[in-house]
file work_11.cif (mmCIF, N, CA and C atoms)
data_final
#
loop_
_atom_site.label_atom_id
_atom_site.label_comp_id
_atom_site.auth_asym_id
_atom_site.auth_seq_id
_atom_site.Cartn_x
_atom_site.Cartn_y
_atom_site.Cartn_z
N MET G 567 -110.54 -92.73 -52.84
CA MET G 567 -109.68 -93.47 -51.94
C MET G 567 -108.29 -92.84 -51.85
N ALA G 568 -107.58 -92.78 -52.96
CA ALA G 568 -106.24 -92.18 -52.97
C ALA G 568 -106.36 -90.74 -53.43
N ASP G 569 -106.10 -89.81 -52.53
CA ASP G 569 -106.22 -88.39 -52.83
C ASP G 569 -104.83 -87.82 -53.10
N SER G 570 -104.58 -87.40 -54.35
CA SER G 570 -103.25 -86.92 -54.71
C SER G 570 -102.95 -85.54 -54.11
N SER G 571 -103.99 -84.85 -53.63
CA SER G 571 -103.76 -83.53 -53.02
C SER G 571 -103.69 -83.63 -51.49
N ALA G 572 -103.68 -84.85 -50.97
CA ALA G 572 -103.60 -85.06 -49.52
C ALA G 572 -102.27 -84.54 -48.99
N PRO G 573 -102.25 -84.06 -47.75
CA PRO G 573 -101.01 -83.50 -47.21
C PRO G 573 -99.91 -84.56 -47.04
N VAL G 574 -98.69 -84.11 -47.30
CA VAL G 574 -97.51 -84.98 -47.20
C VAL G 574 -96.47 -84.26 -46.35
N THR G 575 -95.89 -84.97 -45.39
CA THR G 575 -94.84 -84.39 -44.55
C THR G 575 -93.51 -84.99 -44.95
N ILE G 576 -92.53 -84.12 -45.19
CA ILE G 576 -91.20 -84.58 -45.56
C ILE G 576 -90.22 -84.17 -44.47
N ARG G 577 -89.48 -85.14 -43.97
CA ARG G 577 -88.45 -84.88 -42.96
C ARG G 577 -87.12 -85.38 -43.49
N THR G 578 -86.05 -84.64 -43.19
CA THR G 578 -84.72 -85.12 -43.57
C THR G 578 -83.95 -85.47 -42.31
N ARG G 579 -83.27 -86.60 -42.34
CA ARG G 579 -82.46 -87.07 -41.22
C ARG G 579 -81.03 -87.28 -41.71
N LYS G 580 -80.11 -87.37 -40.78
CA LYS G 580 -78.70 -87.66 -41.10
C LYS G 580 -78.17 -86.74 -42.20
N PHE G 581 -78.49 -85.47 -42.09
CA PHE G 581 -78.07 -84.49 -43.08
C PHE G 581 -76.56 -84.29 -43.00
N LEU G 582 -75.89 -84.46 -44.15
CA LEU G 582 -74.44 -84.40 -44.19
C LEU G 582 -74.00 -83.52 -45.35
N SER G 583 -73.04 -82.67 -45.12
CA SER G 583 -72.48 -81.87 -46.20
C SER G 583 -71.20 -82.55 -46.66
N ASN G 584 -71.23 -83.13 -47.85
CA ASN G 584 -70.10 -83.88 -48.38
C ASN G 584 -69.32 -82.99 -49.35
N ARG G 585 -68.28 -82.32 -48.84
CA ARG G 585 -67.50 -81.38 -49.66
C ARG G 585 -66.69 -82.11 -50.72
N LEU G 586 -66.28 -83.34 -50.45
CA LEU G 586 -65.46 -84.09 -51.39
C LEU G 586 -66.23 -84.37 -52.69
N LEU G 587 -67.50 -84.71 -52.56
CA LEU G 587 -68.33 -84.97 -53.74
C LEU G 587 -69.22 -83.77 -54.10
N GLN G 588 -68.97 -82.64 -53.46
CA GLN G 588 -69.69 -81.39 -53.73
C GLN G 588 -71.20 -81.55 -53.69
N ARG G 589 -71.68 -82.12 -52.59
CA ARG G 589 -73.12 -82.34 -52.45
C ARG G 589 -73.53 -82.37 -50.99
N ARG G 590 -74.84 -82.29 -50.79
CA ARG G 590 -75.43 -82.51 -49.48
C ARG G 590 -76.22 -83.81 -49.59
N GLN G 591 -76.10 -84.66 -48.60
CA GLN G 591 -76.79 -85.95 -48.66
C GLN G 591 -77.55 -86.19 -47.37
N PHE G 592 -78.67 -86.90 -47.50
CA PHE G 592 -79.55 -87.09 -46.35
C PHE G 592 -80.52 -88.23 -46.59
N VAL G 593 -81.10 -88.70 -45.49
CA VAL G 593 -82.17 -89.69 -45.55
C VAL G 593 -83.48 -88.92 -45.52
N ILE G 594 -84.40 -89.29 -46.40
CA ILE G 594 -85.70 -88.63 -46.47
C ILE G 594 -86.76 -89.54 -45.85
N GLU G 595 -87.53 -88.98 -44.96
CA GLU G 595 -88.66 -89.69 -44.36
C GLU G 595 -89.93 -88.99 -44.83
N VAL G 596 -90.79 -89.71 -45.51
CA VAL G 596 -92.02 -89.14 -46.05
C VAL G 596 -93.21 -89.75 -45.34
N LEU G 597 -94.05 -88.90 -44.76
CA LEU G 597 -95.28 -89.36 -44.12
C LEU G 597 -96.44 -89.05 -45.06
N HIS G 598 -97.13 -90.09 -45.53
CA HIS G 598 -98.23 -89.92 -46.48
C HIS G 598 -99.40 -90.82 -46.07
N PRO G 599 -100.11 -90.50 -44.98
CA PRO G 599 -101.13 -91.40 -44.43
C PRO G 599 -102.31 -91.68 -45.35
N SER G 600 -102.73 -90.72 -46.16
CA SER G 600 -103.91 -90.96 -47.01
C SER G 600 -103.55 -91.14 -48.49
N ARG G 601 -102.29 -91.47 -48.75
CA ARG G 601 -101.83 -91.72 -50.12
C ARG G 601 -101.04 -93.01 -50.17
N PRO G 602 -101.11 -93.72 -51.30
CA PRO G 602 -100.30 -94.94 -51.43
C PRO G 602 -98.80 -94.63 -51.47
N ASN G 603 -98.42 -93.58 -52.19
CA ASN G 603 -97.02 -93.18 -52.27
C ASN G 603 -96.90 -91.78 -52.83
N VAL G 604 -95.70 -91.23 -52.83
CA VAL G 604 -95.43 -89.89 -53.35
C VAL G 604 -94.38 -90.03 -54.43
N SER G 605 -94.60 -89.36 -55.58
CA SER G 605 -93.66 -89.49 -56.70
C SER G 605 -92.34 -88.80 -56.38
N LYS G 606 -91.27 -89.32 -56.99
CA LYS G 606 -89.94 -88.77 -56.76
C LYS G 606 -89.83 -87.35 -57.30
N THR G 607 -90.54 -87.06 -58.40
CA THR G 607 -90.50 -85.70 -58.95
C THR G 607 -91.13 -84.71 -57.99
N GLU G 608 -92.24 -85.11 -57.38
CA GLU G 608 -92.91 -84.23 -56.40
C GLU G 608 -91.99 -83.98 -55.20
N LEU G 609 -91.31 -85.05 -54.75
CA LEU G 609 -90.38 -84.91 -53.62
C LEU G 609 -89.22 -83.98 -53.99
N SER G 610 -88.69 -84.14 -55.20
CA SER G 610 -87.58 -83.29 -55.66
C SER G 610 -88.00 -81.82 -55.68
N GLU G 611 -89.21 -81.56 -56.16
CA GLU G 611 -89.71 -80.18 -56.22
C GLU G 611 -89.82 -79.59 -54.81
N ARG G 612 -90.39 -80.37 -53.89
CA ARG G 612 -90.58 -79.88 -52.52
C ARG G 612 -89.24 -79.64 -51.82
N LEU G 613 -88.27 -80.55 -52.03
CA LEU G 613 -86.95 -80.39 -51.43
C LEU G 613 -86.21 -79.19 -52.03
N ALA G 614 -86.34 -78.99 -53.34
CA ALA G 614 -85.70 -77.86 -54.01
C ALA G 614 -86.23 -76.54 -53.45
N LYS G 615 -87.53 -76.51 -53.20
CA LYS G 615 -88.15 -75.31 -52.63
C LYS G 615 -87.66 -75.09 -51.20
N THR G 616 -87.57 -76.15 -50.42
CA THR G 616 -87.13 -76.06 -49.03
C THR G 616 -85.68 -75.57 -48.92
N TYR G 617 -84.79 -76.13 -49.74
CA TYR G 617 -83.37 -75.79 -49.66
C TYR G 617 -82.93 -74.72 -50.66
N GLN G 618 -83.88 -74.07 -51.33
CA GLN G 618 -83.63 -72.99 -52.30
C GLN G 618 -82.56 -73.35 -53.33
N VAL G 619 -82.79 -74.47 -54.03
CA VAL G 619 -81.88 -74.90 -55.09
C VAL G 619 -82.71 -75.22 -56.34
N ASP G 620 -82.00 -75.42 -57.45
CA ASP G 620 -82.63 -75.80 -58.71
C ASP G 620 -83.15 -77.23 -58.59
N LYS G 621 -84.34 -77.49 -59.12
CA LYS G 621 -84.96 -78.82 -59.03
C LYS G 621 -84.10 -79.90 -59.67
N ALA G 622 -83.36 -79.53 -60.72
CA ALA G 622 -82.53 -80.51 -61.45
C ALA G 622 -81.34 -80.99 -60.61
N ARG G 623 -80.92 -80.21 -59.60
CA ARG G 623 -79.78 -80.60 -58.76
C ARG G 623 -80.18 -81.58 -57.66
N VAL G 624 -81.49 -81.78 -57.45
CA VAL G 624 -81.98 -82.67 -56.38
C VAL G 624 -82.23 -84.05 -56.95
N ILE G 625 -81.65 -85.08 -56.31
CA ILE G 625 -81.83 -86.46 -56.74
C ILE G 625 -82.40 -87.26 -55.57
N THR G 626 -83.47 -87.99 -55.84
CA THR G 626 -84.07 -88.85 -54.82
C THR G 626 -84.11 -90.27 -55.36
N PHE G 627 -83.79 -91.24 -54.50
CA PHE G 627 -83.78 -92.64 -54.94
C PHE G 627 -83.86 -93.57 -53.74
N GLY G 628 -84.07 -94.85 -54.01
CA GLY G 628 -84.02 -95.89 -52.99
C GLY G 628 -85.16 -95.85 -51.99
N PHE G 629 -86.37 -95.52 -52.45
CA PHE G 629 -87.50 -95.42 -51.52
C PHE G 629 -88.11 -96.78 -51.22
N LYS G 630 -88.39 -96.98 -49.96
CA LYS G 630 -89.08 -98.19 -49.50
C LYS G 630 -90.27 -97.75 -48.68
N THR G 631 -91.43 -98.30 -49.00
CA THR G 631 -92.62 -98.01 -48.21
C THR G 631 -92.65 -98.97 -47.04
N ILE G 632 -92.80 -98.43 -45.85
CA ILE G 632 -92.81 -99.26 -44.64
C ILE G 632 -94.09 -100.08 -44.62
N PHE G 633 -94.00 -101.33 -44.16
CA PHE G 633 -95.14 -102.24 -44.13
C PHE G 633 -96.29 -101.59 -43.37
N GLY G 634 -97.46 -101.62 -43.98
CA GLY G 634 -98.62 -100.97 -43.38
C GLY G 634 -98.92 -99.65 -44.07
N GLY G 635 -97.97 -99.15 -44.84
CA GLY G 635 -98.17 -97.93 -45.62
C GLY G 635 -98.11 -96.67 -44.77
N GLY G 636 -98.30 -95.56 -45.43
CA GLY G 636 -98.34 -94.28 -44.74
C GLY G 636 -96.98 -93.66 -44.48
N ARG G 637 -95.91 -94.41 -44.67
CA ARG G 637 -94.58 -93.88 -44.42
C ARG G 637 -93.57 -94.50 -45.38
N SER G 638 -92.70 -93.69 -45.92
CA SER G 638 -91.63 -94.17 -46.80
C SER G 638 -90.32 -93.54 -46.39
N THR G 639 -89.23 -94.27 -46.63
CA THR G 639 -87.91 -93.70 -46.41
C THR G 639 -87.06 -93.92 -47.66
N GLY G 640 -86.22 -92.96 -47.94
CA GLY G 640 -85.35 -93.06 -49.11
C GLY G 640 -84.12 -92.19 -48.89
N PHE G 641 -83.43 -91.94 -49.98
CA PHE G 641 -82.18 -91.21 -49.91
C PHE G 641 -82.25 -90.01 -50.84
N GLY G 642 -81.61 -88.91 -50.45
CA GLY G 642 -81.61 -87.71 -51.28
C GLY G 642 -80.24 -87.09 -51.37
N LEU G 643 -79.97 -86.48 -52.52
CA LEU G 643 -78.71 -85.78 -52.76
C LEU G 643 -79.02 -84.42 -53.37
N ILE G 644 -78.31 -83.41 -52.96
CA ILE G 644 -78.41 -82.09 -53.59
C ILE G 644 -77.00 -81.69 -54.00
N TYR G 645 -76.77 -81.63 -55.31
CA TYR G 645 -75.45 -81.26 -55.83
C TYR G 645 -75.31 -79.74 -55.90
N ASP G 646 -74.09 -79.26 -55.68
CA ASP G 646 -73.81 -77.83 -55.71
C ASP G 646 -73.89 -77.29 -57.13
N THR G 647 -73.33 -78.04 -58.10
CA THR G 647 -73.32 -77.59 -59.50
C THR G 647 -73.69 -78.75 -60.42
N GLU G 648 -74.08 -78.40 -61.64
CA GLU G 648 -74.40 -79.43 -62.64
C GLU G 648 -73.14 -80.21 -63.02
N GLU G 649 -72.01 -79.52 -63.05
CA GLU G 649 -70.74 -80.16 -63.39
C GLU G 649 -70.40 -81.26 -62.38
N ALA G 650 -70.59 -80.96 -61.10
CA ALA G 650 -70.33 -81.95 -60.04
C ALA G 650 -71.29 -83.12 -60.17
N GLN G 651 -72.53 -82.82 -60.52
CA GLN G 651 -73.54 -83.86 -60.68
C GLN G 651 -73.16 -84.81 -61.82
N ARG G 652 -72.76 -84.25 -62.94
CA ARG G 652 -72.35 -85.07 -64.09
C ARG G 652 -71.10 -85.90 -63.76
N ARG G 653 -70.23 -85.35 -62.94
CA ARG G 653 -68.97 -86.02 -62.63
C ARG G 653 -69.13 -87.18 -61.66
N PHE G 654 -69.96 -87.02 -60.64
CA PHE G 654 -70.03 -88.01 -59.56
C PHE G 654 -71.25 -88.93 -59.59
N GLU G 655 -72.28 -88.54 -60.29
CA GLU G 655 -73.51 -89.33 -60.29
C GLU G 655 -73.39 -90.49 -61.28
N PRO G 656 -73.92 -91.69 -60.93
CA PRO G 656 -73.88 -92.81 -61.87
C PRO G 656 -74.68 -92.51 -63.14
N LYS G 657 -74.27 -93.12 -64.26
CA LYS G 657 -74.88 -92.86 -65.56
C LYS G 657 -76.40 -93.08 -65.54
N TYR G 658 -76.84 -94.19 -64.92
CA TYR G 658 -78.27 -94.50 -64.98
C TYR G 658 -79.12 -93.44 -64.29
N ARG G 659 -78.58 -92.82 -63.23
CA ARG G 659 -79.33 -91.77 -62.56
C ARG G 659 -79.31 -90.47 -63.37
N LEU G 660 -78.22 -90.25 -64.13
CA LEU G 660 -78.18 -89.09 -65.03
C LEU G 660 -79.21 -89.25 -66.14
N VAL G 661 -79.36 -90.47 -66.64
CA VAL G 661 -80.35 -90.75 -67.69
C VAL G 661 -81.75 -90.50 -67.13
N ARG G 662 -82.02 -90.97 -65.90
CA ARG G 662 -83.32 -90.75 -65.25
C ARG G 662 -83.62 -89.27 -65.10
N GLY G 663 -82.59 -88.50 -64.76
CA GLY G 663 -82.76 -87.06 -64.55
C GLY G 663 -82.77 -86.26 -65.83
N GLY G 664 -82.51 -86.90 -66.96
CA GLY G 664 -82.52 -86.22 -68.25
C GLY G 664 -81.23 -85.47 -68.55
N LEU G 665 -80.15 -85.76 -67.84
CA LEU G 665 -78.88 -85.08 -68.08
C LEU G 665 -77.99 -85.85 -69.05
N ALA G 666 -78.32 -87.09 -69.34
CA ALA G 666 -77.53 -87.90 -70.27
C ALA G 666 -78.49 -88.68 -71.18
N PRO G 667 -78.11 -88.89 -72.43
CA PRO G 667 -78.98 -89.65 -73.34
C PRO G 667 -78.91 -91.15 -73.03
N LYS G 668 -80.01 -91.83 -73.25
CA LYS G 668 -80.07 -93.27 -73.03
C LYS G 668 -79.43 -93.96 -74.23
N VAL G 669 -78.50 -94.87 -73.96
CA VAL G 669 -77.82 -95.60 -75.03
C VAL G 669 -78.71 -96.78 -75.43
N GLU G 670 -79.15 -96.76 -76.68
CA GLU G 670 -80.00 -97.85 -77.18
C GLU G 670 -79.12 -98.99 -77.66
N ARG G 671 -79.31 -100.15 -77.07
CA ARG G 671 -78.55 -101.34 -77.46
C ARG G 671 -79.52 -102.43 -77.83
N PRO G 672 -79.06 -103.39 -78.66
CA PRO G 672 -79.94 -104.53 -78.94
C PRO G 672 -80.18 -105.33 -77.66
N SER G 673 -81.23 -106.11 -77.64
CA SER G 673 -81.57 -106.84 -76.42
C SER G 673 -80.44 -107.79 -76.01
N ARG G 674 -80.45 -108.15 -74.75
CA ARG G 674 -79.41 -109.03 -74.20
C ARG G 674 -79.40 -110.36 -74.93
N LYS G 675 -80.57 -110.90 -75.21
CA LYS G 675 -80.67 -112.20 -75.91
C LYS G 675 -80.05 -112.10 -77.31
N LEU G 676 -80.34 -111.00 -78.01
CA LEU G 676 -79.81 -110.80 -79.35
C LEU G 676 -78.28 -110.70 -79.32
N ARG G 677 -77.75 -110.00 -78.32
CA ARG G 677 -76.29 -109.87 -78.20
C ARG G 677 -75.64 -111.22 -77.98
N HIS G 678 -76.25 -112.06 -77.14
CA HIS G 678 -75.71 -113.40 -76.87
C HIS G 678 -75.77 -114.28 -78.11
N GLU G 679 -76.89 -114.21 -78.82
CA GLU G 679 -77.03 -115.02 -80.05
C GLU G 679 -75.98 -114.62 -81.07
N ARG G 680 -75.76 -113.32 -81.22
CA ARG G 680 -74.78 -112.81 -82.17
C ARG G 680 -73.37 -113.29 -81.79
N LYS G 681 -73.04 -113.22 -80.50
CA LYS G 681 -71.74 -113.66 -80.01
C LYS G 681 -71.53 -115.14 -80.30
N ASN G 682 -72.55 -115.95 -80.05
CA ASN G 682 -72.43 -117.39 -80.25
C ASN G 682 -72.35 -117.77 -81.74
N ARG G 683 -73.03 -116.98 -82.59
CA ARG G 683 -72.90 -117.22 -84.04
C ARG G 683 -71.48 -116.92 -84.50
N ALA G 684 -70.89 -115.86 -83.96
CA ALA G 684 -69.54 -115.45 -84.35
C ALA G 684 -68.48 -116.46 -83.90
N LYS G 685 -68.76 -117.21 -82.86
CA LYS G 685 -67.82 -118.22 -82.35
C LYS G 685 -67.53 -119.29 -83.39
N LYS G 686 -68.46 -119.53 -84.30
CA LYS G 686 -68.33 -120.61 -85.29
C LYS G 686 -67.39 -120.23 -86.44
N PHE G 687 -66.96 -118.97 -86.49
CA PHE G 687 -66.10 -118.51 -87.57
C PHE G 687 -64.77 -118.01 -87.03
N ARG G 688 -63.80 -117.90 -87.96
CA ARG G 688 -62.49 -117.38 -87.59
C ARG G 688 -62.14 -116.16 -88.42
N GLY G 689 -61.34 -115.27 -87.85
CA GLY G 689 -60.82 -114.13 -88.59
C GLY G 689 -61.87 -113.12 -89.01
N THR G 690 -61.77 -112.66 -90.27
CA THR G 690 -62.64 -111.59 -90.75
C THR G 690 -64.06 -112.06 -91.00
N LYS G 691 -64.29 -113.36 -91.05
CA LYS G 691 -65.64 -113.88 -91.30
C LYS G 691 -66.55 -113.69 -90.09
N LYS G 692 -65.94 -113.39 -88.94
CA LYS G 692 -66.72 -113.17 -87.72
C LYS G 692 -67.71 -112.01 -87.89
N SER G 693 -67.31 -110.96 -88.61
CA SER G 693 -68.20 -109.81 -88.80
C SER G 693 -69.44 -110.19 -89.61
N LYS G 694 -69.27 -111.14 -90.56
CA LYS G 694 -70.42 -111.62 -91.34
C LYS G 694 -71.36 -112.44 -90.48
N ALA G 695 -70.81 -113.16 -89.53
CA ALA G 695 -71.61 -113.99 -88.64
C ALA G 695 -72.44 -113.14 -87.69
N ALA G 696 -71.98 -111.93 -87.46
CA ALA G 696 -72.70 -111.03 -86.55
C ALA G 696 -74.03 -110.58 -87.13
N GLU G 697 -74.12 -110.57 -88.47
CA GLU G 697 -75.39 -110.20 -89.12
C GLU G 697 -76.40 -111.31 -88.90
N PRO G 698 -77.68 -110.96 -88.77
CA PRO G 698 -78.69 -111.99 -88.51
C PRO G 698 -78.78 -112.98 -89.68
N ALA G 699 -79.10 -114.22 -89.37
CA ALA G 699 -79.19 -115.26 -90.39
C ALA G 699 -80.35 -114.95 -91.34
N LYS G 700 -80.10 -115.16 -92.65
CA LYS G 700 -81.14 -114.86 -93.64
C LYS G 700 -82.12 -116.02 -93.72
N LYS G 701 -83.40 -115.65 -93.79
CA LYS G 701 -84.45 -116.69 -93.88
C LYS G 701 -84.67 -117.02 -95.35
N LYS G 702 -84.91 -118.31 -95.62
CA LYS G 702 -85.07 -118.76 -97.00
C LYS G 702 -86.51 -118.62 -97.45
#

call {"tool": "encode", "arguments": {"input": "work_11.cif", "output": "structure tokens"}}
result
Amino acid sequence: MADSSAPVTIRTRKFLSNRLLQRRQFVIEVLHPSRPNVSKTELSERLAKTYQVDKARVITFGFKTIFGGGRSTGFGLIYDTEEAQRRFEPKYRLVRGGLAPKVERPSRKLRHERKNRAKKFRGTKKSKAAEPAKKK
């Protein structure tokens, strides 16, 4: 049913050269009639080949499949340098692209519980309250 080697057509619209942010930006239109969708990595590779740039400089995001399938639209950016990419790209997209490490934090619920436990104390005892309650 879903053939991953099926032909895919990629079109770019609204192509803009943004010198201020040192990048090229465009809307990507993907035609994939015999596939459910196309991966962002595959799109990045194809765009990098088309525009003769490094695959790591190409960022694709915000894809929506049009109702009925067979067509998707999204957004693409091609940065001139890695330095520009690190400077202007949001952290979460750098993490996705493997350019920044993911910051491991305790879960949101745990952070809230810790904060509320600390509210019951004053001064230096707050740090002790931040530790999880000991079970008897």

call {"tool": "resolve_selection", "arguments": {"input": "work_11.cif", "expression": "the PyMOL selection byres ((chain G and resi 646-655) around 7)", "output": "PyMOL selection string"}}
result
chain G and resi 587-590+623+644-645+656-660

call {"tool": "write_last_selection", "arguments": {"input": "work_11.cif", "atoms": "N, CA and C atoms", "output": "mmCIF file, in the frame of the given file"}}
result
data_model
loop_
_atom_site.group_PDB
_atom_site.id
_atom_site.type_symbol
_atom_site.label_atom_id
_atom_site.label_comp_id
_atom_site.auth_asym_id
_atom_site.auth_seq_id
_atom_site.Cartn_x
_atom_site.Cartn_y
_atom_site.Cartn_z
ATOM 1 N N LEU G 587 -67.500 -84.710 -52.560
ATOM 2 C CA LEU G 587 -68.330 -84.970 -53.740
ATOM 3 C C LEU G 587 -69.220 -83.770 -54.100
ATOM 4 N N GLN G 588 -68.970 -82.640 -53.460
ATOM 5 C CA GLN G 588 -69.690 -81.390 -53.730
ATOM 6 C C GLN G 588 -71.200 -81.550 -53.690
ATOM 7 N N ARG G 589 -71.680 -82.120 -52.590
ATOM 8 C CA ARG G 589 -73.120 -82.340 -52.450
ATOM 9 C C ARG G 589 -73.530 -82.370 -50.990
ATOM 10 N N ARG G 590 -74.840 -82.290 -50.790
ATOM 11 C CA ARG G 590 -75.430 -82.510 -49.480
ATOM 12 C C ARG G 590 -76.220 -83.810 -49.590
ATOM 13 N N ARG G 623 -80.920 -80.210 -59.600
ATOM 14 C CA ARG G 623 -79.780 -80.600 -58.760
ATOM 15 C C ARG G 623 -80.180 -81.580 -57.660
ATOM 16 N N ILE G 644 -78.310 -83.410 -52.960
ATOM 17 C CA ILE G 644 -78.410 -82.090 -53.590
ATOM 18 C C ILE G 644 -77.000 -81.690 -54.000
ATOM 19 N N TYR G 645 -76.770 -81.630 -55.310
ATOM 20 C CA TYR G 645 -75.450 -81.260 -55.830
ATOM 21 C C TYR G 645 -75.310 -79.740 -55.900
ATOM 22 N N PRO G 656 -73.920 -91.690 -60.930
ATOM 23 C CA PRO G 656 -73.880 -92.810 -61.870
ATOM 24 C C PRO G 656 -74.680 -92.510 -63.140
ATOM 25 N N LYS G 657 -74.270 -93.120 -64.260
ATOM 26 C CA LYS G 657 -74.880 -92.860 -65.560
ATOM 27 C C LYS G 657 -76.400 -93.080 -65.540
ATOM 28 N N TYR G 658 -76.840 -94.190 -64.920
ATOM 29 C CA TYR G 658 -78.270 -94.500 -64.980
ATOM 30 C C TYR G 658 -79.120 -93.440 -64.290
ATOM 31 N N ARG G 659 -78.580 -92.820 -63.230
ATOM 32 C CA ARG G 659 -79.330 -91.770 -62.560
ATOM 33 C C ARG G 659 -79.310 -90.470 -63.370
ATOM 34 N N LEU G 660 -78.220 -90.250 -64.130
ATOM 35 C CA LEU G 660 -78.180 -89.090 -65.030
ATOM 36 C C LEU G 660 -79.210 -89.250 -66.140
#

call {"tool": "atom_distance", "arguments": {"input": "work_11.cif", "atom1": "atom N of G:Phe627", "atom2": "atom C of G:Glu595"}}
result
11.7 Å

call {"tool": "select_by_dssp", "arguments": {"input": "work_11.cif", "residues": "chain G", "states": "alpha helix (DSSP H)", "output": "number ranges by chain"}}
result
G: 606-616, 648-654, 657-663, 674-684, 692-696

call {"tool": "write_last_selection", "arguments": {"input": "work_11.cif", "atoms": "N, CA and C atoms", "output": "compact mmCIF listing (two decimals), in the coordinates of the input"}}
result
# COMPACT_ATOMS: atom_id res chain seq x y z
N LYS G 606 -91.27 -89.32 -56.99
CA LYS G 606 -89.94 -88.77 -56.76
C LYS G 606 -89.83 -87.35 -57.30
N THR G 607 -90.54 -87.06 -58.40
CA THR G 607 -90.50 -85.70 -58.95
C THR G 607 -91.13 -84.71 -57.99
N GLU G 608 -92.24 -85.11 -57.38
CA GLU G 608 -92.91 -84.23 -56.40
C GLU G 608 -91.99 -83.98 -55.20
N LEU G 609 -91.31 -85.05 -54.75
CA LEU G 609 -90.38 -84.91 -53.62
C LEU G 609 -89.22 -83.98 -53.99
N SER G 610 -88.69 -84.14 -55.20
CA SER G 610 -87.58 -83.29 -55.66
C SER G 610 -88.00 -81.82 -55.68
N GLU G 611 -89.21 -81.56 -56.16
CA GLU G 611 -89.71 -80.18 -56.22
C GLU G 611 -89.82 -79.59 -54.81
N ARG G 612 -90.39 -80.37 -53.89
CA ARG G 612 -90.58 -79.88 -52.52
C ARG G 612 -89.24 -79.64 -51.82
N LEU G 613 -88.27 -80.55 -52.03
CA LEU G 613 -86.95 -80.39 -51.43
C LEU G 613 -86.21 -79.19 -52.03
N ALA G 614 -86.34 -78.99 -53.34
CA ALA G 614 -85.70 -77.86 -54.01
C ALA G 614 -86.23 -76.54 -53.45
N LYS G 615 -87.53 -76.51 -53.20
CA LYS G 615 -88.15 -75.31 -52.63
C LYS G 615 -87.66 -75.09 -51.20
N THR G 616 -87.57 -76.15 -50.42
CA THR G 616 -87.13 -76.06 -49.03
C THR G 616 -85.68 -75.57 -48.92
N GLU G 648 -74.08 -78.40 -61.64
CA GLU G 648 -74.40 -79.43 -62.64
C GLU G 648 -73.14 -80.21 -63.02
N GLU G 649 -72.01 -79.52 -63.05
CA GLU G 649 -70.74 -80.16 -63.39
C GLU G 649 -70.40 -81.26 -62.38
N ALA G 650 -70.59 -80.96 -61.10
CA ALA G 650 -70.33 -81.95 -60.04
C ALA G 650 -71.29 -83.12 -60.17
N GLN G 651 -72.53 -82.82 -60.52
CA GLN G 651 -73.54 -83.86 -60.68
C GLN G 651 -73.16 -84.81 -61.82
N ARG G 652 -72.76 -84.25 -62.94
CA ARG G 652 -72.35 -85.07 -64.09
C ARG G 652 -71.10 -85.90 -63.76
N ARG G 653 -70.23 -85.35 -62.94
CA ARG G 653 -68.97 -86.02 -62.63
C ARG G 653 -69.13 -87.18 -61.66
N PHE G 654 -69.96 -87.02 -60.64
CA PHE G 654 -70.03 -88.01 -59.56
C PHE G 654 -71.25 -88.93 -59.59
N LYS G 657 -74.27 -93.12 -64.26
CA LYS G 657 -74.88 -92.86 -65.56
C LYS G 657 -76.40 -93.08 -65.54
N TYR G 658 -76.84 -94.19 -64.92
CA TYR G 658 -78.27 -94.50 -64.98
C TYR G 658 -79.12 -93.44 -64.29
N ARG G 659 -78.58 -92.82 -63.23
CA ARG G 659 -79.33 -91.77 -62.56
C ARG G 659 -79.31 -90.47 -63.37
N LEU G 660 -78.22 -90.25 -64.13
CA LEU G 660 -78.18 -89.09 -65.03
C LEU G 660 -79.21 -89.25 -66.14
N VAL G 661 -79.36 -90.47 -66.64
CA VAL G 661 -80.35 -90.75 -67.69
C VAL G 661 -81.75 -90.50 -67.13
N ARG G 662 -82.02 -90.97 -65.90
CA ARG G 662 -83.32 -90.75 -65.25
C ARG G 662 -83.62 -89.27 -65.10
N GLY G 663 -82.59 -88.50 -64.76
CA GLY G 663 -82.76 -87.06 -64.55
C GLY G 663 -82.77 -86.26 -65.83
N ARG G 674 -80.45 -108.15 -74.75
CA ARG G 674 -79.41 -109.03 -74.20
C ARG G 674 -79.40 -110.36 -74.93
N LYS G 675 -80.57 -110.90 -75.21
CA LYS G 675 -80.67 -112.20 -75.91
C LYS G 675 -80.05 -112.10 -77.31
N LEU G 676 -80.34 -111.00 -78.01
CA LEU G 676 -79.81 -110.80 -79.35
C LEU G 676 -78.28 -110.70 -79.32
N ARG G 677 -77.75 -110.00 -78.32
CA ARG G 677 -76.29 -109.87 -78.20
C ARG G 677 -75.64 -111.22 -77.98
N HIS G 678 -76.25 -112.06 -77.14
CA HIS G 678 -75.71 -113.40 -76.87
C HIS G 678 -75.77 -114.28 -78.11
N GLU G 679 -76.89 -114.21 -78.82
CA GLU G 679 -77.03 -115.02 -80.05
C GLU G 679 -75.98 -114.62 -81.07
N ARG G 680 -75.76 -113.32 -81.22
CA ARG G 680 -74.78 -112.81 -82.17
C ARG G 680 -73.37 -113.29 -81.79
N LYS G 681 -73.04 -113.22 -80.50
CA LYS G 681 -71.74 -113.66 -80.01
C LYS G 681 -71.53 -115.14 -80.30
N ASN G 682 -72.55 -115.95 -80.05
CA ASN G 682 -72.43 -117.39 -80.25
C ASN G 682 -72.35 -117.77 -81.74
N ARG G 683 -73.03 -116.98 -82.59
CA ARG G 683 -72.90 -117.22 -84.04
C ARG G 683 -71.48 -116.92 -84.50
N ALA G 684 -70.89 -115.86 -83.96
CA ALA G 684 -69.54 -115.45 -84.35
C ALA G 684 -68.48 -116.46 -83.90
N LYS G 692 -65.94 -113.39 -88.94
CA LYS G 692 -66.72 -113.17 -87.72
C LYS G 692 -67.71 -112.01 -87.89
N SER G 693 -67.31 -110.96 -88.61
CA SER G 693 -68.20 -109.81 -88.80
C SER G 693 -69.44 -110.19 -89.61
N LYS G 694 -69.27 -111.14 -90.56
CA LYS G 694 -70.42 -111.62 -91.34
C LYS G 694 -71.36 -112.44 -90.48
N ALA G 695 -70.81 -113.16 -89.53
CA ALA G 695 -71.61 -113.99 -88.64
C ALA G 695 -72.44 -113.14 -87.69
N ALA G 696 -71.98 -111.93 -87.46
CA ALA G 696 -72.70 -111.03 -86.55
C ALA G 696 -74.03 -110.58 -87.13
